[in-house]
Amino acid sequence: MSVRVRFAPSNTGYLHLGGARTALFNYLFARHHDGDFLLRVEDTDQERSQEKYTDAILDAHEWLGMEPDEDVVFQSDRMDLYREKAEDLIESGDAYRDYSTEEEIEEARKEAFASGDKTAHTRLWRDRDDEPEDRDSVVRIKAPLEGSLTVEDHVQGEVTVDAEELDDFVILRSDGTPTYNFCVVVDDADMDITHVIRGKDHLNNTFRQLYVYDALGYEPPEFGHLPLISGLSKRKGSRSVQEYREDGYIREGLVNYLARLGWAHGDQELFSRDELVELFGLDGVNASSGEFDEDKLQWFNAEWLKKLEADELAERWATYLHKRDFEVELDERLVDITEVMRARGQTLGEMTEESDYFFKDEIERNEDDVEEWLTPDILEMFEELIEVLADLDDWDRGDIDTTIRDLCDRHGEGLGAIAQPVRVATTGGTSSPGLFETLAMLGRPRALNRLNEGLEIIRSRTE
Ligand code: GLU
């Protein structure tokens with residue numbers, strides 16, 4: 001039987017890192033076993049479900065390179081199926097209508113707790129067959145009354161729960177809408193899911209789902225409950241995949257980091273997509289929780305910025321820059337800048353911040369740097385520098401190098417005399433890549449324009 005797994009987000013929010021990790025583990029598991037990865041949007045919450053979240057979730061999957069193998073399933077399209085299955089269960093005696101009022105249930109809940117029977121209040125109508133016409137009803141499933149249920153979980157190991165913990169939970173509300181634990185089973189069975197891989201927070205649901213499987217006469221799938229990720233607080237880690245993308249994370253970095261958040265293969269850290277597919281298995285998943293660490297995420301991203309082919313990275317960066325309204329061409333120059341800048345930032349965002357002077361027409365110069373470096377004593381050298389550079393036949397790194405060094409020699413100075421002033425004039429500050437390559441990559445018109453602006457500043461200070 002071929003493996004079929006699914007990721008089942010609800011569309012009540014964006015795809016955050018925890019969800020993305022669950023999706024990734026499902027995806028890798030499917031690819032590893034040559035199986036299918038499916039996506040099901042749990043959109044039955046009429047108040048909180050929103051189409052913009054569905055779009056964002058699908059978009060994030062596409063960007064991460066985890067597109068589902070079949071059409072996306074929407075629970076809202078399947079309401080009739082859930083109701084039909086609930087009717088089947090009433091028919092077979094595995095579920096029943098409960099006409100209790102809220103007050104009756106509340107009263108019974110208090111008694112149940114006092115007597116130590118924690119679930120009795122969910123069974124008020126289990127053995128009744130009267131059907132009062134003036135009352136609304138919900139449909140409840142019959143939980144086992146004795147014994148225990150065990151899950152052989154691929155990650156958590158064997159987990160058992162006593163029947164006394166299990167309630168006759170509601171499968172259809174009084175307005176006819178189905179509940180999560182019921183839909184999930186109907187869907188997973190209907191979609192022929194073989195392995196349910198999801199967060200450990202769902203382990204308690206799994207026991208309830210087991211008796212739904214049983215009642216519906218389905219063989220339950222296998223389960224793997226992933227450790228939760230600690231430190232994904234509202235404040236920091238709960239940012240969406242989309243936000244990380246906007247910050248300039250690349251998919252290789254994010255995927256690699258997420259893969260390592262709870263899964264390990266020896267002490268290897270960096271994995272290509274192919275390696276992950278080849279090596280991933282639930283046996284490598286840690287049962288205890290992983291800690292979210294933003295610095296580590298940045299480290300992975302930086303490593304992948306360095307590993308990608310320069311052409312490929314330049315293409316991604318161009319897209320990123322266009323979204324930020326920089327007018328850049330995807331040309332040799334951008335590839336050169338990419339080569340240099342990828343070691344100087346951990347994200348495309350940081351690369352951009354560190355190098356925006358390559359892409360802007362106008363730059364702002366740091367005032368302190370101007371004060372320190374564009375000083376009257378270098379006026380003469382600076383004038384000559386502009387002349388000799390303007391005379392160059394080819395604007396390339398090698399010729400710029402020789403020309404500037406010759407100039408320094410003629411003036412009996414080291415390169416240091418001119419390097420920072422040129423940087424401040426052409427980039428606005430003192431931290432840029434190597435002087436000659438920076439000038440080369442700026443291109444002749446931009447470089448000369450800015451040197452002339454620098455010259456004006458120096459002149460104004462001699463007055
Ligand atoms: N919609 C549920 C969630 O987002 C799905 C859980 C499951 O995979 O069964 O947590």
# chains A, B, ... in the order shown; residues from 1 in each chain; ligands from 1
$ residues_around --residues "Ala259 in chain A" --least-positions-apart "3" --cutoff "12 Å" --atoms "only C-alpha atoms" --output "MDAnalysis selection string"
chainID A and resid 17:18 20:29 226 251:256 262:265 268:273 275:277 279:282 284:286 290 297 300
$ residues_around --residues "Phe358 in chain A" --least-positions-apart "3" --cutoff "12 Å" --atoms "only C-alpha atoms" --output "number ranges by chain"
A: 321, 326-329, 333-334, 336-338, 341, 351-355, 361-363, 426-428, 432-433, 437-447, 450
$ residues_near_ligand --ligand "ligand 1" --cutoff "8 Å" --atoms "only C-alpha atoms and all ligand atoms" --output "list in words"
Arg6, Phe7, Ala8, Pro9, Ser10, Gly19, Val41, Glu42, Tyr180, Asn181, Val184, Val196, Ile197, Arg198, Gly199 and His202 of chain A
$ closest_residue --among "A:Glu364, A:Gly13, A:Tyr82, A:Leu210" --to "Arg48 in chain A" --atoms "only C-alpha atoms"
A:Gly13
$ residues_around --residues "Val5 in chain A" --least-positions-apart "4" --cutoff "6 Å" --atoms "only C-alpha atoms" --output "PyMOL selection string"
chain A and resi 37+193+195
$ write_last_selection --atoms "N, CA, C and O atoms" --output "PDB file, in the first residue's frame"
ATOM      1  N   PHE A  37       1.553  13.465  -1.005  1.00  0.00           N
ATOM      2  CA  PHE A  37       1.402  14.500   0.028  1.00  0.00           C
ATOM      3  C   PHE A  37       0.157  15.313  -0.330  1.00  0.00           C
ATOM      4  O   PHE A  37       0.065  15.878  -1.421  1.00  0.00           O
ATOM      5  N   ILE A 193      -5.715   8.153   3.823  1.00  0.00           N
ATOM      6  CA  ILE A 193      -4.479   8.552   4.505  1.00  0.00           C
ATOM      7  C   ILE A 193      -3.913   7.344   5.268  1.00  0.00           C
ATOM      8  O   ILE A 193      -4.640   6.666   6.000  1.00  0.00           O
ATOM      9  N   HIS A 195      -0.777   7.566   7.051  1.00  0.00           N
ATOM     10  CA  HIS A 195      -0.034   8.017   8.224  1.00  0.00           C
ATOM     11  C   HIS A 195      -0.478   9.423   8.591  1.00  0.00           C
ATOM     12  O   HIS A 195      -0.444  10.312   7.730  1.00  0.00           O
TER      13      HIS A 195
END
$ select_by_dssp --residues "range 73-216 of chain A" --states "helix (DSSP H, G or I)" --output "MDAnalysis selection string"
chainID A and resid 75:92 102:115 120:123 163:165 180:190 200:216
$ residues_around --residues "Glu387 in chain A" --least-positions-apart "6" --cutoff "12 Å" --atoms "only C-alpha atoms" --output "ChimeraX atom specification"
/A:380-381,403-404,407,448,451-452,455
